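Shown next: coords.cif, containing mmCIF, C-alpha atoms.
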data_coords
loop_
_atom_site.label_atom_id
_atom_site.label_comp_id
_atom_site.auth_asym_id
_atom_site.auth_seq_id
_atom_site.Cartn_x
_atom_site.Cartn_y
_atom_site.Cartn_z
CA MET A 1 0.00 0.00 0.00
CA SER A 2 2.89 2.33 0.66
CA LEU A 3 3.82 1.69 -2.94
CA LEU A 4 0.44 3.01 -3.87
CA PHE A 5 1.09 6.12 -1.85
CA ALA A 6 4.42 6.55 -3.56
CA LEU A 7 2.76 6.26 -6.96
CA LEU A 8 0.13 8.78 -6.09
CA ALA A 9 2.60 11.10 -4.48
CA ALA A 10 3.60 12.19 -7.96
CA SER A 11 1.75 15.43 -7.33
CA PRO A 12 -1.57 15.28 -9.18
CA LEU A 13 -2.98 15.46 -5.68
CA GLN A 14 -1.16 18.65 -4.76
CA PRO A 15 -4.16 20.92 -5.42
CA LEU A 16 -6.41 18.68 -3.35
CA GLU A 17 -3.82 18.62 -0.61
CA ASP A 18 -3.79 22.42 -0.59
CA VAL A 19 -7.56 22.53 -0.40
CA MET A 20 -7.53 20.11 2.52
CA ARG A 21 -4.90 22.10 4.32
CA HIS A 22 -6.90 25.27 3.84
CA ILE A 23 -10.07 23.73 5.18
CA LEU A 24 -8.24 22.30 8.17
CA ASN A 25 -6.57 25.63 8.75
CA TRP A 26 -9.86 27.40 8.59
CA LEU A 27 -11.45 24.99 11.05
CA HIS A 28 -8.51 25.37 13.38
CA VAL A 29 -7.88 29.10 13.18
CA THR A 30 -11.29 30.62 12.47
CA ILE A 31 -13.56 28.15 14.23
CA GLY A 32 -10.97 27.49 16.89
CA LEU A 33 -11.09 23.72 16.94
CA PRO A 34 -8.04 21.67 17.91
CA TRP A 35 -6.43 19.98 14.92
CA ALA A 36 -7.78 16.53 15.78
CA TRP A 37 -11.35 17.80 15.92
CA SER A 38 -10.80 19.75 12.72
CA ILE A 39 -10.06 16.44 11.00
CA ILE A 40 -13.25 14.94 12.40
CA VAL A 41 -15.32 17.91 11.25
CA LEU A 42 -13.65 17.75 7.85
CA THR A 43 -14.68 14.11 7.59
CA VAL A 44 -18.25 14.98 8.45
CA ILE A 45 -18.22 17.69 5.78
CA VAL A 46 -17.01 15.23 3.15
CA ARG A 47 -19.69 12.73 4.09
CA MET A 48 -22.39 15.40 4.17
CA LEU A 49 -21.52 16.30 0.61
CA LEU A 50 -22.30 12.71 -0.34
CA VAL A 51 -25.63 12.53 1.49
CA PRO A 52 -27.76 13.45 -1.54
CA LEU A 53 -26.44 10.34 -3.25
CA THR A 54 -27.51 8.20 -0.33
CA VAL A 55 -30.95 9.75 -0.43
CA LYS A 56 -31.17 8.85 -4.08
CA GLN A 57 -30.15 5.31 -3.29
CA ILE A 58 -32.73 4.99 -0.53
CA HIS A 59 -35.42 6.16 -2.93
CA SER A 60 -34.29 3.56 -5.39
CA MET A 61 -34.44 0.89 -2.72
CA GLN A 62 -37.93 1.94 -1.71
CA ASN A 63 -38.92 1.88 -5.32
CA MET A 64 -37.71 -1.65 -5.64
CA GLN A 65 -40.48 -2.88 -3.41
CA ARG A 66 -42.88 -2.60 -6.27
CA PHE A 67 -40.87 -4.88 -8.49
CA ALA A 68 -40.31 -7.59 -5.93
CA PRO A 69 -42.45 -10.29 -7.58
CA GLN A 70 -40.66 -10.00 -10.88
CA MET A 71 -37.28 -9.97 -9.17
CA LYS A 72 -38.18 -13.06 -7.19
CA GLU A 73 -39.10 -14.75 -10.40
CA ILE A 74 -35.74 -13.95 -11.95
CA GLN A 75 -33.98 -15.24 -8.88
CA LYS A 76 -35.97 -18.45 -9.01
CA LYS A 77 -35.38 -18.90 -12.71
CA TYR A 78 -31.60 -18.72 -12.45
CA LYS A 79 -31.28 -20.31 -9.07
CA GLY A 80 -28.22 -22.44 -9.81
CA ASP A 81 -26.25 -19.81 -11.71
CA ARG A 82 -25.40 -16.77 -9.65
CA GLN A 83 -23.55 -15.08 -12.46
CA LYS A 84 -26.51 -15.34 -14.78
CA GLN A 85 -28.80 -14.32 -11.96
CA ASN A 86 -26.84 -11.15 -11.30
CA GLU A 87 -26.77 -10.40 -14.97
CA GLU A 88 -30.51 -10.77 -15.40
CA LEU A 89 -31.21 -8.74 -12.28
CA MET A 90 -29.00 -5.95 -13.55
CA LYS A 91 -30.82 -5.97 -16.84
CA PHE A 92 -34.09 -5.81 -14.99
CA TYR A 93 -32.92 -2.89 -12.86
CA LYS A 94 -31.83 -1.00 -15.91
CA GLU A 95 -35.05 -1.63 -17.72
CA HIS A 96 -37.05 -0.20 -14.85
CA SER A 97 -34.65 2.55 -13.89
CA ILE A 98 -34.06 1.21 -10.42
CA ASN A 99 -30.81 0.21 -8.84
CA PRO A 100 -30.22 -0.53 -5.19
CA ALA A 101 -26.45 -0.52 -5.48
CA SER A 102 -24.38 2.58 -4.98
CA SER A 103 -22.12 3.79 -7.74
CA CYS A 104 -18.38 3.48 -7.54
CA LEU A 105 -17.45 7.03 -8.45
CA PRO A 106 -18.41 8.70 -5.16
CA MET A 107 -16.52 5.99 -3.33
CA VAL A 108 -13.47 6.36 -5.46
CA PHE A 109 -13.70 10.11 -5.05
CA GLN A 110 -13.01 9.69 -1.37
CA ILE A 111 -9.72 7.93 -1.94
CA PRO A 112 -7.84 11.02 -3.14
CA VAL A 113 -9.32 12.95 -0.24
CA PHE A 114 -7.95 10.36 2.09
CA ILE A 115 -4.52 10.33 0.48
CA ALA A 116 -4.36 14.11 0.44
CA LEU A 117 -5.05 14.06 4.15
CA TYR A 118 -2.19 11.61 4.54
CA PHE A 119 0.17 14.07 2.92
CA VAL A 120 -1.14 16.97 4.94
CA LEU A 121 -0.47 15.02 8.11
CA ARG A 122 2.97 14.04 6.94
CA HIS A 123 3.67 17.67 6.26
CA PHE A 124 2.44 18.49 9.75
CA ALA A 125 4.83 15.92 11.18
CA GLU A 126 7.78 17.59 9.46
CA HIS A 127 6.73 21.18 10.06
CA PRO A 128 4.49 21.14 13.11
CA PRO A 129 1.87 23.88 12.92
CA GLY A 130 1.02 25.84 16.01
CA GLY A 131 -1.65 24.62 18.35
CA ASP A 132 -2.56 21.38 20.02
CA LEU A 133 -1.86 18.29 17.93
CA GLY A 134 -3.27 15.90 20.52
CA TRP A 135 -6.61 14.19 20.72
CA LEU A 136 -8.27 13.79 24.12
CA GLY A 137 -4.80 13.98 25.58
CA LEU A 138 -4.17 10.43 24.38
CA VAL A 139 -2.57 10.59 20.96
CA LYS A 140 -0.87 13.06 18.69
CA ILE A 141 -2.40 13.15 15.22
CA THR A 142 1.00 13.08 13.55
CA ASP A 143 2.27 10.04 15.46
CA HIS A 144 2.12 6.55 14.07
CA ALA A 145 -0.95 4.66 15.08
CA SER A 146 1.15 1.90 16.61
CA ALA A 147 2.52 4.23 19.29
CA GLY A 148 1.02 4.43 22.77
CA TRP A 149 -2.73 4.96 22.88
CA GLY A 150 -2.82 4.74 19.12
CA ILE A 151 -3.29 1.02 19.63
CA LEU A 152 -6.63 1.75 21.23
CA LEU A 153 -7.58 3.82 18.22
CA LEU A 154 -6.52 0.95 15.98
CA GLY A 155 -8.87 -1.30 17.90
CA ILE A 156 -11.69 1.20 17.54
CA TYR A 157 -10.90 1.42 13.86
CA VAL A 158 -11.18 -2.34 13.36
CA CYS A 159 -14.53 -2.44 15.15
CA SER A 160 -15.92 0.55 13.30
CA GLN A 161 -14.72 -0.85 9.98
CA MET A 162 -16.43 -4.15 10.66
CA ALA A 163 -19.61 -2.42 11.73
CA SER A 164 -19.69 -0.20 8.67
CA THR A 165 -19.06 -3.14 6.36
CA PHE A 166 -21.84 -5.00 8.08
CA PHE A 167 -24.28 -2.16 7.55
CA MET A 168 -23.31 -1.09 4.09
CA GLY A 169 -22.77 -4.54 2.70
CA SER A 170 -26.40 -5.50 2.76
CA THR A 171 -26.48 -5.82 -1.00
CA MET A 172 -23.52 -8.21 -1.00
CA GLN A 173 -23.52 -11.93 -0.82
CA LYS A 174 -23.16 -13.21 2.68
CA SER A 175 -19.82 -14.96 2.27
CA GLN A 176 -18.41 -11.90 0.56
CA ARG A 177 -19.59 -9.69 3.37
CA TYR A 178 -17.84 -11.81 5.98
CA LEU A 179 -14.67 -11.75 3.94
CA MET A 180 -14.84 -7.97 3.79
CA MET A 181 -15.44 -7.83 7.51
CA GLY A 182 -12.28 -9.82 8.11
CA LEU A 183 -10.15 -7.51 6.00
CA PRO A 184 -9.59 -4.73 8.55
CA VAL A 185 -7.87 -7.23 10.84
CA VAL A 186 -5.48 -8.10 8.03
CA TYR A 187 -4.81 -4.49 7.15
CA VAL A 188 -4.06 -3.40 10.67
CA ALA A 189 -0.41 -4.18 9.96
CA PHE A 190 -0.34 -1.48 7.28
CA ILE A 191 -2.56 0.94 9.04
CA ALA A 192 -0.39 0.88 12.12
CA HIS A 193 2.10 2.97 10.16
CA PHE A 194 -0.44 5.62 9.28
CA PRO A 195 -0.58 8.85 11.26
CA THR A 196 -3.21 8.73 13.97
CA GLY A 197 -5.06 11.65 12.39
CA LEU A 198 -5.81 9.47 9.42
CA LEU A 199 -7.31 6.90 11.71
CA LEU A 200 -9.53 9.60 13.16
CA TYR A 201 -10.79 10.29 9.66
CA TRP A 202 -11.32 6.61 9.07
CA VAL A 203 -13.17 5.96 12.31
CA THR A 204 -15.38 8.99 11.82
CA THR A 205 -16.32 8.06 8.29
CA ASN A 206 -17.08 4.50 9.41
CA LEU A 207 -19.31 5.69 12.21
CA TRP A 208 -21.08 7.95 9.76
CA THR A 209 -21.60 4.94 7.50
CA VAL A 210 -23.07 2.97 10.38
CA GLY A 211 -25.43 5.81 11.24
CA GLN A 212 -26.47 6.13 7.64
CA GLY A 213 -26.99 2.37 7.45
CA LEU A 214 -29.27 2.49 10.48
CA VAL A 215 -31.33 5.28 8.95
CA THR A 216 -31.52 3.42 5.65
CA ARG A 217 -32.73 0.29 7.41
CA ARG A 218 -35.50 2.22 9.04
CA LEU A 219 -36.58 3.84 5.81
CA VAL A 220 -36.46 0.77 3.64
CA PRO A 221 -38.52 -2.22 4.72
CA LYS A 222 -36.41 -5.31 4.50
CA THR A 223 -38.68 -7.65 2.64
CA PRO A 224 -40.12 -6.13 -0.48
CA ALA A 225 -43.70 -5.52 0.52
CA PRO A 226 -45.58 -6.79 -2.51
CA SER A 227 -44.13 -10.27 -2.20
CA LEU A 228 -46.11 -10.72 0.98
CA PHE A 229 -49.41 -10.19 -0.75
CA SER A 230 -50.78 -12.52 -3.32
CA ARG A 231 -52.90 -9.88 -4.98
CA LYS A 232 -49.85 -8.51 -6.71
CA PRO A 233 -49.20 -11.07 -9.48
CA PRO A 234 -51.70 -9.64 -11.99
CA GLU A 235 -49.37 -6.71 -12.39
CA ASP A 236 -46.75 -9.14 -13.58
CA GLY A 237 -48.48 -9.48 -16.88
CA GLY A 238 -48.89 -5.72 -17.26
CA ASN A 239 -46.45 -3.89 -19.45
CA GLY A 240 -43.42 -2.43 -17.78
CA ALA A 241 -43.58 0.70 -19.88
CA LYS A 242 -46.52 2.02 -17.95
CA ARG A 243 -44.80 1.56 -14.65
CA LYS A 244 -41.67 3.11 -15.95
CA GLU A 245 -43.37 6.47 -16.26
CA THR A 246 -43.55 7.04 -12.56
CA PRO A 247 -40.46 5.64 -10.97
CA PRO A 248 -39.11 8.19 -8.52
CA LYS A 249 -42.05 8.44 -6.11
CA PRO A 250 -41.80 5.83 -3.37
CA ALA A 251 -45.26 4.63 -2.50
CA PRO A 252 -46.05 5.96 0.96
CA ALA A 253 -48.26 2.96 1.57
CA THR A 254 -45.38 0.48 1.47
CA LYS A 255 -44.28 1.25 4.96
CA ALA A 256 -47.74 0.76 6.36
CA GLN A 257 -48.01 -2.56 4.58
CA GLN A 258 -44.97 -3.77 6.38
CA PRO A 259 -46.10 -5.16 9.69
CA PRO A 260 -44.05 -8.35 10.22
CA PRO A 261 -41.39 -8.16 12.90
CA ARG A 262 -37.78 -7.53 11.97
CA ARG A 263 -36.48 -10.96 12.81
CA VAL A 264 -38.80 -12.69 10.40
CA GLN A 265 -37.89 -10.24 7.68
CA LYS A 266 -34.24 -10.89 8.21
CA ARG A 267 -34.58 -14.62 7.90
CA LYS A 268 -36.58 -14.21 4.75
CA LYS A 269 -33.93 -12.07 3.27
CA ALA A 270 -31.20 -14.53 4.05
CA LYS A 271 -33.16 -17.19 2.28
CA ARG A 272 -33.61 -15.11 -0.78
CA ARG A 273 -29.92 -14.70 -1.28
CA MET B 1 0.64 -8.32 -14.89
CA LYS B 2 0.70 -10.29 -11.70
CA ALA B 3 1.89 -7.23 -9.81
CA LEU B 4 -0.97 -5.21 -11.19
CA SER B 5 -3.42 -7.84 -10.03
CA ILE B 6 -1.99 -7.47 -6.58
CA VAL B 7 -2.29 -3.70 -6.75
CA LEU B 8 -5.89 -3.96 -7.90
CA ARG B 9 -6.65 -6.34 -5.10
CA SER B 10 -4.89 -4.16 -2.60
CA LEU B 11 -7.45 -1.52 -3.48
CA LEU B 12 -9.95 -3.52 -1.46
CA PRO B 13 -9.33 -1.71 1.83
CA TRP B 14 -10.14 1.55 0.13
CA TYR B 15 -13.69 0.46 -0.07
CA GLY B 16 -13.53 0.66 3.66
CA VAL B 17 -12.62 4.32 3.43
CA ALA B 18 -15.63 4.97 1.33
CA GLY B 19 -18.39 2.56 2.24
CA ALA B 20 -20.07 -0.29 0.50
CA PRO B 21 -18.23 -2.48 -1.92
CA THR B 22 -21.20 -2.71 -4.23
CA CYS B 23 -21.55 -1.60 -7.78
CA LYS B 24 -24.51 -0.89 -9.99
CA TYR B 25 -22.87 -2.65 -12.88
CA HIS B 26 -22.23 -6.29 -13.43
CA PRO B 27 -19.40 -7.17 -13.14
CA SER B 28 -18.35 -4.67 -10.50
CA CYS B 29 -15.91 -1.89 -11.34
CA SER B 30 -12.96 -3.60 -9.68
CA GLN B 31 -13.66 -6.86 -11.47
CA TYR B 32 -14.04 -4.92 -14.70
CA ALA B 33 -10.69 -3.22 -14.17
CA HIS B 34 -9.09 -6.56 -13.53
CA ASP B 35 -10.61 -8.12 -16.64
CA ALA B 36 -9.90 -5.11 -18.83
CA VAL B 37 -6.23 -5.01 -17.94
CA HIS B 38 -5.93 -8.70 -18.68
CA LYS B 39 -7.72 -8.36 -21.96
CA TYR B 40 -6.37 -5.09 -23.35
CA GLY B 41 -3.09 -4.65 -21.53
CA LEU B 42 -2.03 -2.07 -19.01
CA VAL B 43 -2.59 1.20 -20.86
CA ARG B 44 -5.77 0.52 -22.75
CA GLY B 45 -7.14 -1.62 -19.95
CA SER B 46 -6.60 1.13 -17.39
CA LEU B 47 -8.20 3.68 -19.64
CA LYS B 48 -11.19 1.45 -20.12
CA ALA B 49 -11.40 0.91 -16.38
CA ALA B 50 -11.20 4.65 -15.75
CA TRP B 51 -13.97 5.26 -18.25
CA ARG B 52 -16.08 2.63 -16.58
CA LEU B 53 -15.55 4.30 -13.21
CA LEU B 54 -16.73 7.57 -14.66
CA ARG B 55 -19.78 5.86 -16.04
CA CYS B 56 -20.50 4.33 -12.66
CA ASN B 57 -21.88 7.61 -11.35
CA PRO B 58 -25.08 8.38 -9.51
CA TRP B 59 -26.83 9.39 -12.70
CA SER B 60 -26.20 6.23 -14.64
CA LYS B 61 -28.54 3.30 -14.57
CA GLY B 62 -25.98 0.55 -14.31
CA GLY B 63 -26.50 -2.73 -16.08
CA VAL B 64 -24.51 -5.55 -17.57
CA ASP B 65 -21.21 -4.49 -19.04
CA TYR B 66 -18.32 -6.86 -19.61
CA ALA B 67 -14.79 -5.71 -20.27
#

Output the file's structure in the form of structure tokens.
Amino acid sequence: MSLLFALLAASPLQPLEDVMRHILNWLHVTIGLPWAWSIIVLTVIVRMLLVPLTVKQIHSMQNMQRFAPQMKEIQKKYKGDRQKQNEELMKFYKEHSINPASSCLPMVFQIPVFIALYFVLRHFAEHPPGGDLGWLGLVKITDHASAGWGILLLGIYVCSQMASTFFMGSTMQKSQRYLMMGLPVVYVAFIAHFPTGLLLYWVTTNLWTVGQGLVTRRLVPKTPAPSLFSRKPPEDGGNGAKRKETPPKPAPATKAQQPPPRRVQKRKKAKRR
Amino acid sequence: MKALSIVLRSLLPWYGVAGAPTCKYHPSCSQYAHDAVHKYGLVRGSLKAAWRLLRCNPWSKGGVDYA
């Protein structure tokens, strides 16, 4: 991974690094936050910028409820062949302008932000700015995470990473999700060499993800509502074109039609996968 | 080529920085990048992967798209 940093260090990120430094400076000098808290607020700002995308995704997920019977059918039809099943589902999503998955670009966009922050912190380590570099009196944001109380932060990071993967990975296959949840443990070895401030960013963004996941779970009923009611099938034969005209409005009734307790819904979902 | 595979796979933790490792396309962007580099070579494959990433934005509809 340090190789990756070295590759990316070749300055296309310089402007972004400057922007980050300015924002941090502003938070520290004008707002008067300590550096560590400036990083946390910066993280929150970045995530807030991405909230509209999440809202869009939640709408899409709510919308999906209406297509549940057809989707179930596709899943049944290609039961043995997951590849084919994914393919057909994707086609179906596209046809009806729904898609529960997030797009990669906003995620990838956060990587340069993260790396720029790495460089800012490295710069801080070489030329310490004025003011308090500590966090809760435990760690210094420019120190390596493996030093002193940084270990505690590493532990918090691993937990938060697992939690955020758990919440955001709901569209993944189960085995894949568990694999992803195991990854932070593996990567601790690398991350231990990161400045603690970076870990603060990481933990904050993970906690934000968890919070967002909780909100999403509340807003989107787990089992697509129509599948619970047998009166839906007639719509199967109807033409999709008509439905396509009104995709973005989530039916307000869906939530009310969703009485079964959570546990049952969860089990159902697991079966569907 | 092998090294590049490793680099692509080492991108996995970055998903952690950003959130869910899901993609609205099939195959996912990372798989696509992997396939594209194998199929078209480093330069063209990377360009294709970059273009795919740009297409995988909140305003696209996703779908099936092999390298």

### Atom pair atom CA of A:Met48 / atom CA of B:Tyr32: separation (Å)
29.0 Å

Given a cut-off of 8 Å, which residues of chain A touch chain B, counting all atoms listed in the file, written out as a compact mmCIF listing (two decimals) with C-alpha atoms, in the coordinates of the input?
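Saved result, part_22.txt, follows:
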# COMPACT_ATOMS: atom_id res chain seq x y z
CA MET A 1 0.00 0.00 0.00
CA LEU A 4 0.44 3.01 -3.87
CA LEU A 53 -26.44 10.34 -3.25
CA ASN A 86 -26.84 -11.15 -11.30
CA GLU A 87 -26.77 -10.40 -14.97
CA MET A 90 -29.00 -5.95 -13.55
CA LYS A 91 -30.82 -5.97 -16.84
CA TYR A 93 -32.92 -2.89 -12.86
CA LYS A 94 -31.83 -1.00 -15.91
CA SER A 97 -34.65 2.55 -13.89
CA ILE A 98 -34.06 1.21 -10.42
CA ASN A 99 -30.81 0.21 -8.84
CA PRO A 100 -30.22 -0.53 -5.19
CA ALA A 101 -26.45 -0.52 -5.48
CA SER A 102 -24.38 2.58 -4.98
CA SER A 103 -22.12 3.79 -7.74
CA CYS A 104 -18.38 3.48 -7.54
CA LEU A 105 -17.45 7.03 -8.45
CA PRO A 106 -18.41 8.70 -5.16
CA MET A 107 -16.52 5.99 -3.33
CA VAL A 108 -13.47 6.36 -5.46
CA GLN A 110 -13.01 9.69 -1.37
CA ILE A 111 -9.72 7.93 -1.94
CA PHE A 114 -7.95 10.36 2.09
CA GLN A 161 -14.72 -0.85 9.98
CA SER A 164 -19.69 -0.20 8.67
CA THR A 165 -19.06 -3.14 6.36
CA MET A 168 -23.31 -1.09 4.09
CA GLY A 169 -22.77 -4.54 2.70
CA THR A 171 -26.48 -5.82 -1.00
CA MET A 172 -23.52 -8.21 -1.00
CA LEU A 183 -10.15 -7.51 6.00
CA PRO A 184 -9.59 -4.73 8.55
CA TYR A 187 -4.81 -4.49 7.15
CA TRP A 202 -11.32 6.61 9.07
CA THR A 205 -16.32 8.06 8.29
CA ASN A 206 -17.08 4.50 9.41
CA THR A 209 -21.60 4.94 7.50

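Distances from A:Pro195, A:Pro52, A:Pro128, A:Gly32 to A:Ile141 were compared using only C-alpha atoms, and the smallest one belongs to A:Pro195.
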
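Straight-line separation from atom CA of A:Phe92 to atom CA of A:Glu73: 11.2 Å.
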
#### Entry: Selected residue, from A:Leu50, A:Leu207, A:Met64, A:Ile39, that lies nearest to A:Val158 when counting only C-alpha atoms
A:Leu207

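Our summary of the geometry notes that atom CA of A:Glu126 is positioned 28.4 Å from atom CA of A:Arg47.
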
### Message
I'd like the neighbourhood of A:Gly137 as a list in words, where a residue qualifies if any of its atoms comes within 12 Å (using all atoms listed in the file), though same-chain residues fewer than 6 positions away should be ignored.
### Response
Pro34, Ala36, Gly148, Trp149 and Gly150 of chain A

### Task
Taking the file as shown, find all residues satisfying the PyMOL selection byres ((chain A and resi 189-192) around 10) and write them as a list in words.
Met1, Ser2, His144, Ala145, Ser146, Ala147, Gly150, Ile151, Leu153, Leu154, Tyr157, Pro184, Val185, Val186, Tyr187, Val188, His193, Phe194, Pro195, Thr196, Leu198 and Leu199 of chain A

With C-alpha atoms retained, could you export that selection as a CSV table (one decimal), keeping the file's coordinate frame?
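result-v9.csv was written with the following content:
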chain,number,residue,atom,x,y,z
A,1,MET,CA,0.0,0.0,0.0
A,2,SER,CA,2.9,2.3,0.7
A,144,HIS,CA,2.1,6.6,14.1
A,145,ALA,CA,-1.0,4.7,15.1
A,146,SER,CA,1.2,1.9,16.6
A,147,ALA,CA,2.5,4.2,19.3
A,150,GLY,CA,-2.8,4.7,19.1
A,151,ILE,CA,-3.3,1.0,19.6
A,153,LEU,CA,-7.6,3.8,18.2
A,154,LEU,CA,-6.5,1.0,16.0
A,157,TYR,CA,-10.9,1.4,13.9
A,184,PRO,CA,-9.6,-4.7,8.6
A,185,VAL,CA,-7.9,-7.2,10.8
A,186,VAL,CA,-5.5,-8.1,8.0
A,187,TYR,CA,-4.8,-4.5,7.2
A,188,VAL,CA,-4.1,-3.4,10.7
A,193,HIS,CA,2.1,3.0,10.2
A,194,PHE,CA,-0.4,5.6,9.3
A,195,PRO,CA,-0.6,8.8,11.3
A,196,THR,CA,-3.2,8.7,14.0
A,198,LEU,CA,-5.8,9.5,9.4
A,199,LEU,CA,-7.3,6.9,11.7

### Task
Pull out every residue that the PyMOL selection byres ((chain A and resi 116) around 8) matches in the shown coordinates and put them as a ChimeraX atom specification.
/A:13-14,16-17,20,112-115,117-120

Apply the PyMOL selection byres ((chain B and resi 36) around 12) to the displayed file and report the matching residues as a tab-separated table (two decimals) with C-alpha atoms, in the coordinates of the input.
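Below is the file out_24.tsv, written as the result:
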chain	number	residue	atom	x	y	z
B	1	MET	CA	0.64	-8.32	-14.89
B	4	LEU	CA	-0.97	-5.21	-11.19
B	5	SER	CA	-3.42	-7.84	-10.03
B	8	LEU	CA	-5.89	-3.96	-7.90
B	27	PRO	CA	-19.40	-7.17	-13.14
B	28	SER	CA	-18.35	-4.67	-10.50
B	29	CYS	CA	-15.91	-1.89	-11.34
B	30	SER	CA	-12.96	-3.60	-9.68
B	31	GLN	CA	-13.66	-6.86	-11.47
B	32	TYR	CA	-14.04	-4.92	-14.70
B	33	ALA	CA	-10.69	-3.22	-14.17
B	34	HIS	CA	-9.09	-6.56	-13.53
B	35	ASP	CA	-10.61	-8.12	-16.64
B	37	VAL	CA	-6.23	-5.01	-17.94
B	38	HIS	CA	-5.93	-8.70	-18.68
B	39	LYS	CA	-7.72	-8.36	-21.96
B	40	TYR	CA	-6.37	-5.09	-23.35
B	41	GLY	CA	-3.09	-4.65	-21.53
B	42	LEU	CA	-2.03	-2.07	-19.01
B	43	VAL	CA	-2.59	1.20	-20.86
B	44	ARG	CA	-5.77	0.52	-22.75
B	45	GLY	CA	-7.14	-1.62	-19.95
B	46	SER	CA	-6.60	1.13	-17.39
B	47	LEU	CA	-8.20	3.68	-19.64
B	48	LYS	CA	-11.19	1.45	-20.12
B	49	ALA	CA	-11.40	0.91	-16.38
B	50	ALA	CA	-11.20	4.65	-15.75
B	51	TRP	CA	-13.97	5.26	-18.25
B	52	ARG	CA	-16.08	2.63	-16.58
B	65	ASP	CA	-21.21	-4.49	-19.04
B	66	TYR	CA	-18.32	-6.86	-19.61
B	67	ALA	CA	-14.79	-5.71	-20.27

### Top pick for closest residue to A:Thr54, considering A:Ile156, A:Gly211, A:Gly134, A:Gln70 and counting all atoms listed in the file
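Under the stated criterion, the closest residue is A:Gly211.
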